[in-house]
$ cat start_33.pdb   # PDB, C-alpha atoms
ATOM      1  CA  MET A   1     -24.457 -10.140 -10.225
ATOM      2  CA  GLN A   2     -24.667  -7.997 -13.341
ATOM      3  CA  LEU A   3     -22.247  -8.757 -16.155
ATOM      4  CA  ASN A   4     -19.968  -5.925 -17.272
ATOM      5  CA  SER A   5     -18.730  -5.685 -20.871
ATOM      6  CA  GLU A   6     -16.901  -2.359 -20.634
ATOM      7  CA  ILE A   7     -13.189  -2.260 -21.438
ATOM      8  CA  ILE A   8     -11.267  -0.430 -18.710
ATOM      9  CA  THR A   9      -8.069   1.276 -19.897
ATOM     10  CA  THR A  10      -7.005   2.864 -16.610
ATOM     11  CA  PRO A  11      -4.310   1.119 -14.537
ATOM     12  CA  PRO A  12      -5.557  -1.229 -11.799
ATOM     13  CA  ARG A  13      -5.747   0.287  -8.317
ATOM     14  CA  ALA A  14      -3.470  -1.313  -5.714
ATOM     15  CA  SER A  15      -5.393  -2.888  -2.842
ATOM     16  CA  ALA A  16      -5.058  -5.402  -0.022
ATOM     17  CA  THR A  17      -7.365  -8.180   1.162
ATOM     18  CA  VAL A  18      -7.095 -10.190   4.372
ATOM     19  CA  VAL A  19      -8.502 -13.697   4.666
ATOM     20  CA  LEU A  20      -9.206 -14.107   8.377
ATOM     21  CA  LEU A  21      -8.770 -17.719   9.516
ATOM     22  CA  ARG A  22      -9.561 -19.631  12.671
ATOM     23  CA  ASP A  23      -9.483 -23.244  13.910
ATOM     24  CA  GLU A  24     -12.911 -24.200  15.141
ATOM     25  CA  PRO A  25     -13.127 -27.278  17.404
ATOM     26  CA  GLN A  26     -14.817 -30.224  15.639
ATOM     27  CA  LYS A  27     -15.225 -28.108  12.493
ATOM     28  CA  GLY A  28     -11.676 -27.377  11.453
ATOM     29  CA  LEU A  29     -10.518 -24.444   9.352
ATOM     30  CA  GLU A  30     -12.968 -21.559   8.927
ATOM     31  CA  VAL A  31     -12.806 -18.255   7.049
ATOM     32  CA  PHE A  32     -14.560 -14.967   7.740
ATOM     33  CA  LEU A  33     -16.773 -13.399   5.073
ATOM     34  CA  LEU A  34     -18.461  -9.989   5.010
ATOM     35  CA  ARG A  35     -21.515  -9.121   2.929
ATOM     36  CA  ARG A  36     -20.995  -5.804   1.181
ATOM     37  CA  HIS A  37     -23.782  -3.258   1.365
ATOM     38  CA  THR A  38     -26.040  -3.568  -1.668
ATOM     39  CA  ASP A  39     -25.312   0.087  -2.504
ATOM     40  CA  SER A  40     -21.553  -0.523  -2.605
ATOM     41  CA  ALA A  41     -19.923   0.563  -5.866
ATOM     42  CA  VAL A  42     -17.833  -2.626  -5.891
ATOM     43  CA  LEU A  43     -19.480  -6.063  -5.508
ATOM     44  CA  GLY A  44     -22.574  -4.749  -3.768
ATOM     45  CA  GLY A  45     -24.389  -7.578  -1.982
ATOM     46  CA  ALA A  46     -21.543 -10.062  -2.429
ATOM     47  CA  TYR A  47     -19.685 -11.825   0.362
ATOM     48  CA  VAL A  48     -16.027 -10.857   0.428
ATOM     49  CA  PHE A  49     -12.941 -10.946   2.640
ATOM     50  CA  PRO A  50     -12.123  -7.702   4.476
ATOM     51  CA  GLY A  51      -9.974  -5.340   2.459
ATOM     52  CA  GLY A  52      -9.806  -2.197   0.381
ATOM     53  CA  LYS A  53      -7.749   0.223  -1.675
ATOM     54  CA  LEU A  54      -4.213   1.303  -0.900
ATOM     55  CA  ASP A  55      -4.273   4.968   0.171
ATOM     56  CA  GLU A  56      -1.448   7.440  -0.351
ATOM     57  CA  ALA A  57      -1.191   7.791   3.427
ATOM     58  CA  ASP A  58      -0.451   4.057   3.715
ATOM     59  CA  CYS A  59       2.833   4.592   1.863
ATOM     60  CA  THR A  60       4.234   7.443   3.946
ATOM     61  CA  THR A  61       7.222   7.369   6.266
ATOM     62  CA  GLU A  62       4.958   8.753   9.012
ATOM     63  CA  VAL A  63       2.882   5.581   9.251
ATOM     64  CA  HIS A  64       5.789   3.251   8.417
ATOM     65  CA  ALA A  65       7.498   4.456  11.593
ATOM     66  CA  PHE A  66       4.917   2.340  13.457
ATOM     67  CA  LEU A  67       5.686  -0.913  11.607
ATOM     68  CA  ASP A  68       7.355  -3.795  13.422
ATOM     69  CA  THR A  69       9.367  -4.771  10.341
ATOM     70  CA  SER A  70      11.450  -2.843   7.823
ATOM     71  CA  ALA A  71      10.142  -2.022   4.355
ATOM     72  CA  GLN A  72      12.986  -4.117   2.895
ATOM     73  CA  VAL A  73      11.817  -7.262   4.706
ATOM     74  CA  LEU A  74       8.172  -6.707   3.768
ATOM     75  CA  HIS A  75       9.181  -6.092   0.154
ATOM     76  CA  SER A  76      11.013  -9.443   0.128
ATOM     77  CA  THR A  77       8.035 -11.390   1.500
ATOM     78  CA  LEU A  78       5.761 -10.162  -1.309
ATOM     79  CA  GLY A  79       8.146 -11.528  -3.956
ATOM     80  CA  GLU A  80       7.734  -8.603  -6.357
ATOM     81  CA  PRO A  81      11.199  -7.246  -7.255
ATOM     82  CA  ASP A  82       9.856  -4.280  -9.231
ATOM     83  CA  LEU A  83       7.535  -3.084  -6.465
ATOM     84  CA  PRO A  84       8.693   0.130  -4.728
ATOM     85  CA  LEU A  85       9.677  -0.371  -1.092
ATOM     86  CA  GLN A  86       7.193   2.221   0.141
ATOM     87  CA  THR A  87       4.370   0.527  -1.757
ATOM     88  CA  ALA A  88       5.256  -2.881  -0.347
ATOM     89  CA  ALA A  89       5.165  -1.552   3.204
ATOM     90  CA  GLY A  90       2.017   0.405   2.367
ATOM     91  CA  LEU A  91       0.186  -2.762   1.345
ATOM     92  CA  TYR A  92       0.758  -4.213   4.809
ATOM     93  CA  VAL A  93      -0.459  -0.975   6.368
ATOM     94  CA  ALA A  94      -3.554  -1.019   4.144
ATOM     95  CA  ALA A  95      -4.292  -4.634   5.095
ATOM     96  CA  VAL A  96      -4.142  -3.903   8.827
ATOM     97  CA  ARG A  97      -6.049  -0.628   8.502
ATOM     98  CA  GLU A  98      -8.835  -2.119   6.395
ATOM     99  CA  VAL A  99      -9.382  -5.073   8.732
ATOM    100  CA  LEU A 100      -9.744  -2.663  11.642
ATOM    101  CA  GLU A 101     -12.073  -0.387   9.664
ATOM    102  CA  GLU A 102     -14.310  -3.129   8.317
ATOM    103  CA  CYS A 103     -14.576  -5.612  11.168
ATOM    104  CA  GLY A 104     -12.781  -4.258  14.231
ATOM    105  CA  VAL A 105      -9.885  -6.727  14.237
ATOM    106  CA  LEU A 106      -6.497  -5.190  14.992
ATOM    107  CA  TYR A 107      -3.045  -6.568  14.234
ATOM    108  CA  ALA A 108      -1.006  -4.274  16.464
ATOM    109  CA  ARG A 109       0.740  -4.306  19.812
ATOM    110  CA  LEU A 110       0.757  -1.776  22.608
ATOM    111  CA  ASN A 111       4.333  -0.526  22.635
ATOM    112  CA  ASP A 112       6.571  -3.626  22.605
ATOM    113  CA  GLU A 113       4.196  -6.118  24.213
ATOM    114  CA  GLN A 114       4.086  -9.575  22.666
ATOM    115  CA  ALA A 115       0.354 -10.269  22.723
ATOM    116  CA  LEU A 116      -2.191  -8.801  20.331
ATOM    117  CA  ALA A 117      -4.593  -8.314  23.228
ATOM    118  CA  HIS A 118      -6.829  -5.254  23.114
ATOM    119  CA  GLY A 119     -10.257  -4.809  24.609
ATOM    120  CA  ALA A 120     -13.214  -4.822  22.241
ATOM    121  CA  GLY A 121     -14.342  -1.418  23.457
ATOM    122  CA  GLN A 122     -10.983   0.192  22.734
ATOM    123  CA  ARG A 123     -10.768  -1.394  19.297
ATOM    124  CA  ARG A 124     -14.229  -0.056  18.449
ATOM    125  CA  LEU A 125     -13.050   3.448  19.385
ATOM    126  CA  TRP A 126     -10.059   3.139  17.064
ATOM    127  CA  GLN A 127     -12.309   1.682  14.363
ATOM    128  CA  GLN A 128     -14.707   4.605  14.732
ATOM    129  CA  ALA A 129     -11.829   7.068  14.565
ATOM    130  CA  LEU A 130     -10.776   5.650  11.199
ATOM    131  CA  ASN A 131     -14.338   5.652   9.889
ATOM    132  CA  ASP A 132     -14.620   9.292  10.991
ATOM    133  CA  GLY A 133     -11.645  10.172   8.803
ATOM    134  CA  GLN A 134      -8.739  10.186  11.271
ATOM    135  CA  ASP A 135      -5.379   9.172   9.787
ATOM    136  CA  PHE A 136      -4.180   5.713  10.754
ATOM    137  CA  SER A 137      -0.830   7.157  11.846
ATOM    138  CA  GLN A 138      -2.664   9.450  14.275
ATOM    139  CA  VAL A 139      -4.594   6.507  15.724
ATOM    140  CA  LEU A 140      -1.377   4.522  16.141
ATOM    141  CA  GLN A 141       0.523   7.391  17.690
ATOM    142  CA  GLY A 142      -2.278   8.389  20.048
ATOM    143  CA  ALA A 143      -2.714   4.834  21.322
ATOM    144  CA  GLY A 144       0.971   3.908  21.487
ATOM    145  CA  LEU A 145       0.524   1.093  18.961
ATOM    146  CA  ARG A 146       2.978  -0.714  16.712
ATOM    147  CA  VAL A 147       1.572  -2.445  13.609
ATOM    148  CA  ASP A 148       2.090  -6.209  13.648
ATOM    149  CA  THR A 149       3.004  -7.552  10.209
ATOM    150  CA  GLN A 150       4.138 -10.996  11.391
ATOM    151  CA  HIS A 151       0.573 -12.327  11.397
ATOM    152  CA  LEU A 152       0.041 -11.423   7.721
ATOM    153  CA  ALA A 153       1.143 -14.112   5.261
ATOM    154  CA  PRO A 154       1.112 -13.164   1.541
ATOM    155  CA  TRP A 155      -0.972 -15.725  -0.358
ATOM    156  CA  SER A 156      -1.661 -14.501  -3.885
ATOM    157  CA  ARG A 157      -1.846 -11.475  -6.164
ATOM    158  CA  TRP A 158      -4.885 -10.870  -8.371
ATOM    159  CA  ILE A 159      -5.058  -8.309 -11.178
ATOM    160  CA  THR A 160      -8.498  -7.581 -12.621
ATOM    161  CA  PRO A 161      -8.630  -8.079 -16.419
ATOM    162  CA  VAL A 162      -9.189  -5.104 -18.737
ATOM    163  CA  GLN A 163     -12.734  -6.391 -19.190
ATOM    164  CA  PRO A 164     -13.872  -6.804 -15.571
ATOM    165  CA  SER A 165     -16.851  -9.125 -15.479
ATOM    166  CA  VAL A 166     -18.722  -8.065 -12.328
ATOM    167  CA  THR A 167     -17.502  -4.495 -11.819
ATOM    168  CA  ASN A 168     -16.346  -1.553 -13.923
ATOM    169  CA  LYS A 169     -13.179  -1.076 -11.873
ATOM    170  CA  ARG A 170      -9.779  -2.752 -11.939
ATOM    171  CA  PHE A 171      -7.701  -3.726  -8.918
ATOM    172  CA  ASP A 172      -4.233  -5.105  -8.263
ATOM    173  CA  THR A 173      -4.937  -6.957  -5.031
ATOM    174  CA  ARG A 174      -2.577  -8.745  -2.680
ATOM    175  CA  PHE A 175      -4.311 -11.428  -0.637
ATOM    176  CA  PHE A 176      -2.951 -12.067   2.861
ATOM    177  CA  MET A 177      -3.785 -14.972   5.157
ATOM    178  CA  ALA A 178      -4.068 -14.076   8.855
ATOM    179  CA  VAL A 179      -5.139 -16.086  11.892
ATOM    180  CA  LEU A 180      -7.705 -14.296  14.052
ATOM    181  CA  PRO A 181      -5.917 -12.894  17.134
ATOM    182  CA  GLN A 182      -6.774 -14.598  20.402
ATOM    183  CA  GLY A 183      -9.475 -12.749  22.314
ATOM    184  CA  GLN A 184     -10.731 -10.803  19.299
ATOM    185  CA  GLN A 185     -13.962 -11.321  17.370
ATOM    186  CA  PRO A 186     -14.714  -9.621  14.039
ATOM    187  CA  ILE A 187     -17.961  -7.676  13.763
ATOM    188  CA  HIS A 188     -19.180  -6.119  10.524
ATOM    189  CA  ASP A 189     -19.495  -2.345  10.720
ATOM    190  CA  ASN A 190     -23.066  -2.017   9.384
ATOM    191  CA  ILE A 191     -21.717   0.714   7.091
ATOM    192  CA  GLU A 192     -19.779  -0.956   4.292
ATOM    193  CA  ALA A 193     -20.873  -4.440   5.369
ATOM    194  CA  THR A 194     -24.328  -5.588   6.475
ATOM    195  CA  ASP A 195     -23.719  -9.218   7.447
ATOM    196  CA  SER A 196     -20.855 -11.558   8.301
ATOM    197  CA  VAL A 197     -20.324 -15.274   8.734
ATOM    198  CA  TRP A 198     -17.653 -17.842   9.638
ATOM    199  CA  LEU A 199     -17.656 -20.877   7.342
ATOM    200  CA  SER A 200     -15.348 -23.646   6.291
ATOM    201  CA  PRO A 201     -14.136 -23.200   2.694
ATOM    202  CA  LEU A 202     -16.266 -26.184   1.630
ATOM    203  CA  ASP A 203     -19.393 -24.877   3.383
ATOM    204  CA  ALA A 204     -18.913 -21.459   1.783
ATOM    205  CA  LEU A 205     -18.631 -22.978  -1.697
ATOM    206  CA  THR A 206     -21.594 -25.276  -1.017
ATOM    207  CA  ARG A 207     -23.753 -22.349   0.035
ATOM    208  CA  TYR A 208     -22.610 -20.442  -3.021
ATOM    209  CA  TRP A 209     -23.628 -23.318  -5.260
ATOM    210  CA  ALA A 210     -27.018 -23.547  -3.520
ATOM    211  CA  GLY A 211     -27.637 -19.831  -4.040
ATOM    212  CA  GLY A 212     -27.220 -18.818  -0.409
ATOM    213  CA  LEU A 213     -24.056 -16.741  -0.894
ATOM    214  CA  SER A 214     -23.020 -14.401  -3.673
ATOM    215  CA  LEU A 215     -19.294 -14.670  -4.387
ATOM    216  CA  ALA A 216     -16.985 -13.045  -6.923
ATOM    217  CA  PRO A 217     -14.402 -15.159  -8.793
ATOM    218  CA  PRO A 218     -11.342 -14.188  -6.645
ATOM    219  CA  GLN A 219     -13.229 -15.207  -3.492
ATOM    220  CA  ILE A 220     -14.406 -18.437  -5.126
ATOM    221  CA  MET A 221     -10.926 -19.426  -6.237
ATOM    222  CA  THR A 222      -9.321 -18.435  -2.929
ATOM    223  CA  LEU A 223     -11.785 -20.674  -1.087
ATOM    224  CA  VAL A 224     -10.923 -23.484  -3.505
ATOM    225  CA  SER A 225      -7.224 -22.978  -2.736
ATOM    226  CA  LEU A 226      -7.987 -23.573   0.967
ATOM    227  CA  LEU A 227      -9.949 -26.821   0.546
ATOM    228  CA  SER A 228      -6.909 -29.042   1.062
ATOM    229  CA  HIS A 229      -6.013 -27.413   4.395
ATOM    230  CA  ALA A 230      -7.413 -28.789   7.651
ATOM    231  CA  CYS A 231      -6.057 -26.077   9.948
ATOM    232  CA  THR A 232      -4.546 -22.609  10.047
ATOM    233  CA  ALA A 233      -1.041 -23.979  10.614
ATOM    234  CA  SER A 234      -1.225 -25.834   7.300
ATOM    235  CA  VAL A 235      -2.211 -22.644   5.444
ATOM    236  CA  LEU A 236       0.548 -20.565   7.019
ATOM    237  CA  ASN A 237       3.134 -23.266   6.390
ATOM    238  CA  LEU A 238       2.362 -23.254   2.665
ATOM    239  CA  ALA A 239       2.332 -19.457   2.584
ATOM    240  CA  LYS A 240       5.875 -19.408   3.986
ATOM    241  CA  GLN A 241       7.112 -21.925   1.415
ATOM    242  CA  GLN A 242       5.637 -20.469  -1.753
ATOM    243  CA  LYS A 243       6.042 -17.286  -3.724
ATOM    244  CA  PRO A 244       2.588 -15.666  -3.954
ATOM    245  CA  PRO A 245       1.254 -16.662  -7.392
ATOM    246  CA  LEU A 246       0.253 -13.934  -9.815
ATOM    247  CA  VAL A 247      -3.244 -14.465 -11.203
ATOM    248  CA  LEU A 248      -4.197 -12.480 -14.286
ATOM    249  CA  PRO A 249      -7.631 -13.717 -15.409
ATOM    250  CA  GLU A 250      -8.411 -13.412 -19.104
ATOM    251  CA  THR A 251     -11.942 -13.070 -20.457
ATOM    252  CA  PHE A 252     -13.598 -14.113 -23.689
ATOM    253  CA  ASP A 253     -17.170 -14.601 -24.893
ATOM    254  CA  GLU A 254     -18.160 -17.890 -26.485
ATOM    255  CA  GLU A 255     -21.654 -18.572 -27.865
ATOM    256  CA  GLY A 256     -22.909 -15.549 -25.966
ATOM    257  CA  VAL A 257     -21.470 -16.717 -22.627
ATOM    258  CA  ARG A 258     -18.726 -14.852 -20.754
ATOM    259  CA  ASN A 259     -15.780 -17.047 -19.850
ATOM    260  CA  LEU A 260     -13.087 -16.257 -17.317
ATOM    261  CA  CYS A 261      -9.940 -18.336 -17.655
ATOM    262  CA  TYR A 262      -6.910 -18.654 -15.404
ATOM    263  CA  PRO A 263      -3.263 -19.635 -15.932
ATOM    264  CA  GLY A 264      -3.095 -23.240 -17.083
ATOM    265  CA  ASP A 265      -6.271 -23.067 -19.177
ATOM    266  CA  PRO A 266      -5.867 -23.807 -22.913
ATOM    267  CA  ARG A 267      -7.262 -20.356 -23.723
ATOM    268  CA  HIS A 268      -4.989 -18.485 -21.283
ATOM    269  CA  SER A 269      -1.729 -16.879 -22.415
ATOM    270  CA  VAL A 270       0.117 -18.457 -19.458
ATOM    271  CA  GLN A 271       0.188 -22.242 -19.574
ATOM    272  CA  GLN A 272       1.550 -22.901 -16.090
ATOM    273  CA  ARG A 273      -1.107 -23.215 -13.397
ATOM    274  CA  ALA A 274      -1.136 -20.561 -10.685
ATOM    275  CA  MET A 275      -3.494 -22.305  -8.246
ATOM    276  CA  PRO A 276      -5.613 -25.437  -7.718
ATOM    277  CA  GLY A 277      -9.190 -25.837  -8.899
ATOM    278  CA  PRO A 278     -10.891 -25.141 -12.221
ATOM    279  CA  THR A 279      -9.005 -23.119 -14.816
ATOM    280  CA  ARG A 280     -12.171 -21.639 -16.287
ATOM    281  CA  LEU A 281     -15.424 -20.203 -14.959
ATOM    282  CA  ARG A 282     -18.509 -19.364 -17.056
ATOM    283  CA  PHE A 283     -21.093 -16.717 -16.232
ATOM    284  CA  VAL A 284     -24.415 -18.586 -16.113
ATOM    285  CA  ALA A 285     -27.679 -17.376 -14.561
ATOM    286  CA  GLY A 286     -26.044 -14.473 -12.758
ATOM    287  CA  ARG A 287     -23.019 -16.245 -11.322
ATOM    288  CA  PHE A 288     -19.695 -17.814 -12.285
ATOM    289  CA  GLU A 289     -19.399 -21.587 -12.257
ATOM    290  CA  PRO A 290     -17.047 -24.292 -13.619
ATOM    291  CA  ILE A 291     -17.907 -25.946 -16.902
ATOM    292  CA  GLN A 292     -18.345 -29.372 -15.277
ATOM    293  CA  GLY A 293     -20.177 -28.111 -12.218
ATOM    294  CA  PHE A 294     -19.434 -28.172  -8.488
ATOM    295  CA  LYS A 295     -17.167 -31.235  -8.672
ATOM    296  CA  GLU A 296     -14.485 -29.128 -10.354
ATOM    297  CA  PHE A 297     -14.051 -27.172  -7.121
ATOM    298  CA  LEU A 298     -13.074 -30.324  -5.236
TER     299      LEU A 298
END
$ encode --input "start_33.pdb" --output "structure tokens"
Amino acid sequence: MQLNSEIITTPPRASATVVLLRDEPQKGLEVFLLRRHTDSAVLGGAYVFPGGKLDEADCTTEVHAFLDTSAQVLHSTLGEPDLPLQTAAGLYVAAVREVLEECGVLYARLNDEQALAHGAGQRRLWQQALNDGQDFSQVLQGAGLRVDTQHLAPWSRWITPVQPSVTNKRFDTRFFMAVLPQGQQPIHDNIEATDSVWLSPLDALTRYWAGGLSLAPPQIMTLVSLLSHACTASVLNLAKQQKPPLVLPETFDEEGVRNLCYPGDPRHSVQQRAMPGPTRLRFVAGRFEPIQGFKEFL
């Protein structure tokens, strides 16, 4: 990764990220990671969770008519009183749309059916329609689909600092946890993503430390937050009990080294921790790592 030192004064762009989870027999909890195309303007070559920017169309009444839950309920689950209702609902729409676009997984039901069961071939057609520029509301209406929000559990909110360290863009990203629907398998689209892998949080961090995976700080810290969970039920149970923590990283340079600190760090303006794991990462040899090494992840 290349270090950025530019100060960005524009407001962060709202976005949504979905951490796909599954319970793998004899392996336990696993997460799905996509490798962004090396030409991508944001985190090119890095492994990320599916997600993307909130579009204006995601916040319209046209697409919200296909939601299974009211905007008021979705607004409450995010725990952000000042967030407009339409934006709150739009973030759920963006999460579902982006997962379908990027890896062909769909959280939606045909009419009022209970199961999220759709054939792979049909999902690829809907995925292609989105990638060809068709509005999500048109896809939903044409297929008789209703967006399922019950599988999306808000986990955290990350706001890029004014001095982004590995990109020259700022985002206000809501992270959602979601169990992979039964009968569906994610496949990277070979457009925005060129590779994909299922790994336990520990294996992903171990590969990162060994140089086999490139990860950005939000992905690193999200994986750390999952280390104590043995199964998807444990993750979802915590998500239901907690208010999604707000993480506003703060950057500073010390002895020529970029530091990224989180709430709870002595150098951060907020002294209460927002999440488990290290409170500071340093940019060394092209990647971010804790001051005391890998053991700080555990």
$ closest_residue --input "start_33.pdb" --among "A:Pro50, A:Arg273, A:Gln2, A:Val99" --to "Gln219 in chain A" --atoms "all atoms listed in the file"
A:Pro50
$ residues_around --input "start_33.pdb" --residues "Glu296 in chain A" --least-positions-apart "3" --cutoff "10 Å" --atoms "all atoms listed in the file" --output "list of chain:residue names"
A:Val224, A:Pro276, A:Gly277, A:Pro278, A:Thr279, A:Arg280, A:Glu289, A:Pro290, A:Ile291, A:Gln292, A:Gly293
$ resolve_selection --input "start_33.pdb" --expression "the PyMOL selection byres ((chain A and resi 51) around 6)" --output "PDB file with C-alpha atoms, keeping the file's coordinate frame"
ATOM      1  CA  ALA A  16      -5.058  -5.402  -0.022  1.00  0.00           C
ATOM      2  CA  THR A  17      -7.365  -8.180   1.162  1.00  0.00           C
ATOM      3  CA  VAL A  18      -7.095 -10.190   4.372  1.00  0.00           C
ATOM      4  CA  PRO A  50     -12.123  -7.702   4.476  1.00  0.00           C
ATOM      5  CA  GLY A  52      -9.806  -2.197   0.381  1.00  0.00           C
ATOM      6  CA  GLU A  98      -8.835  -2.119   6.395  1.00  0.00           C
TER       7      GLU A  98
END
$ closest_residue --input "start_33.pdb" --among "A:Lys240, A:Lys169, A:Arg35, A:His229" --to "Gly79 in chain A" --atoms "only C-alpha atoms"
A:Lys240
$ atom_distance --input "start_33.pdb" --atom1 "CA of Pro154 in chain A" --atom2 "CA of Leu227 in chain A"
17.6 Å
$ resolve_selection --input "start_33.pdb" --expression "the PyMOL selection byres ((chain A and resi 1) around 8)" --output "MDAnalysis selection string"
chainID A and resid 2:3 43 166 214 286:287
$ closest_residue --input "start_33.pdb" --among "A:Ser200, A:Cys261, A:Pro218, A:Pro164" --to "Thr10 in chain A" --atoms "all atoms listed in the file"
A:Pro164
$ resolve_selection --input "start_33.pdb" --expression "the PyMOL selection byres ((chain A and resi 199) around 6)" --output "PDB file with C-alpha atoms, in the frame of the given file"
ATOM      1  CA  GLU A  30     -12.968 -21.559   8.927  1.00  0.00           C
ATOM      2  CA  VAL A  31     -12.806 -18.255   7.049  1.00  0.00           C
ATOM      3  CA  TRP A 198     -17.653 -17.842   9.638  1.00  0.00           C
ATOM      4  CA  SER A 200     -15.348 -23.646   6.291  1.00  0.00           C
ATOM      5  CA  ASP A 203     -19.393 -24.877   3.383  1.00  0.00           C
ATOM      6  CA  ALA A 204     -18.913 -21.459   1.783  1.00  0.00           C
TER       7      ALA A 204
END
$ build_atoms --input "start_33.pdb" --residues "range 261-277 of chain A" --atoms "N, CA, C and O atoms" --output "compact mmCIF listing (two decimals), keeping the file's coordinate frame"
# COMPACT_ATOMS: atom_id res chain seq x y z
N CYS A 261 -10.91 -17.25 -17.75
CA CYS A 261 -9.94 -18.34 -17.66
C CYS A 261 -8.71 -17.89 -16.88
O CYS A 261 -8.36 -16.70 -16.83
N TYR A 262 -8.05 -18.88 -16.28
CA TYR A 262 -6.91 -18.65 -15.40
C TYR A 262 -5.67 -19.35 -15.97
O TYR A 262 -5.77 -20.22 -16.84
N PRO A 263 -4.48 -18.98 -15.46
CA PRO A 263 -3.26 -19.64 -15.93
C PRO A 263 -3.39 -21.16 -15.88
O PRO A 263 -3.87 -21.72 -14.91
N GLY A 264 -2.97 -21.79 -16.97
CA GLY A 264 -3.10 -23.24 -17.08
C GLY A 264 -4.24 -23.67 -17.98
O GLY A 264 -4.29 -24.82 -18.42
N ASP A 265 -5.16 -22.75 -18.28
CA ASP A 265 -6.27 -23.07 -19.18
C ASP A 265 -5.78 -22.99 -20.63
O ASP A 265 -4.92 -22.16 -20.95
N PRO A 266 -6.30 -23.84 -21.51
CA PRO A 266 -5.87 -23.81 -22.91
C PRO A 266 -6.05 -22.44 -23.59
O PRO A 266 -5.31 -22.11 -24.52
N ARG A 267 -7.02 -21.66 -23.12
CA ARG A 267 -7.26 -20.36 -23.72
C ARG A 267 -6.47 -19.23 -23.06
O ARG A 267 -6.53 -18.09 -23.50
N HIS A 268 -5.74 -19.53 -21.99
CA HIS A 268 -4.99 -18.48 -21.28
C HIS A 268 -3.59 -18.35 -21.87
O HIS A 268 -3.00 -19.32 -22.34
N SER A 269 -3.05 -17.13 -21.84
CA SER A 269 -1.73 -16.88 -22.42
C SER A 269 -0.60 -17.48 -21.59
O SER A 269 0.52 -17.65 -22.09
N VAL A 270 -0.87 -17.81 -20.32
CA VAL A 270 0.12 -18.46 -19.46
C VAL A 270 -0.30 -19.91 -19.25
O VAL A 270 -1.39 -20.18 -18.75
N GLN A 271 0.56 -20.83 -19.61
CA GLN A 271 0.19 -22.24 -19.57
C GLN A 271 0.46 -22.92 -18.23
O GLN A 271 -0.08 -23.99 -17.96
N GLN A 272 1.27 -22.31 -17.39
CA GLN A 272 1.55 -22.90 -16.09
C GLN A 272 0.48 -22.50 -15.09
O GLN A 272 0.16 -21.32 -14.95
N ARG A 273 -0.07 -23.48 -14.39
CA ARG A 273 -1.11 -23.22 -13.40
C ARG A 273 -0.59 -22.28 -12.30
O ARG A 273 0.57 -22.36 -11.90
N ALA A 274 -1.48 -21.45 -11.79
CA ALA A 274 -1.14 -20.56 -10.68
C ALA A 274 -1.75 -21.03 -9.37
O ALA A 274 -1.32 -20.59 -8.30
N MET A 275 -2.77 -21.90 -9.45
CA MET A 275 -3.49 -22.30 -8.25
C MET A 275 -4.32 -23.55 -8.55
O MET A 275 -4.54 -23.90 -9.71
N PRO A 276 -4.78 -24.24 -7.50
CA PRO A 276 -5.61 -25.44 -7.72
C PRO A 276 -7.03 -25.05 -8.13
O PRO A 276 -7.41 -23.89 -8.08
N GLY A 277 -7.79 -26.08 -8.54
CA GLY A 277 -9.19 -25.84 -8.90
C GLY A 277 -9.40 -25.68 -10.39
O GLY A 277 -8.49 -25.91 -11.19
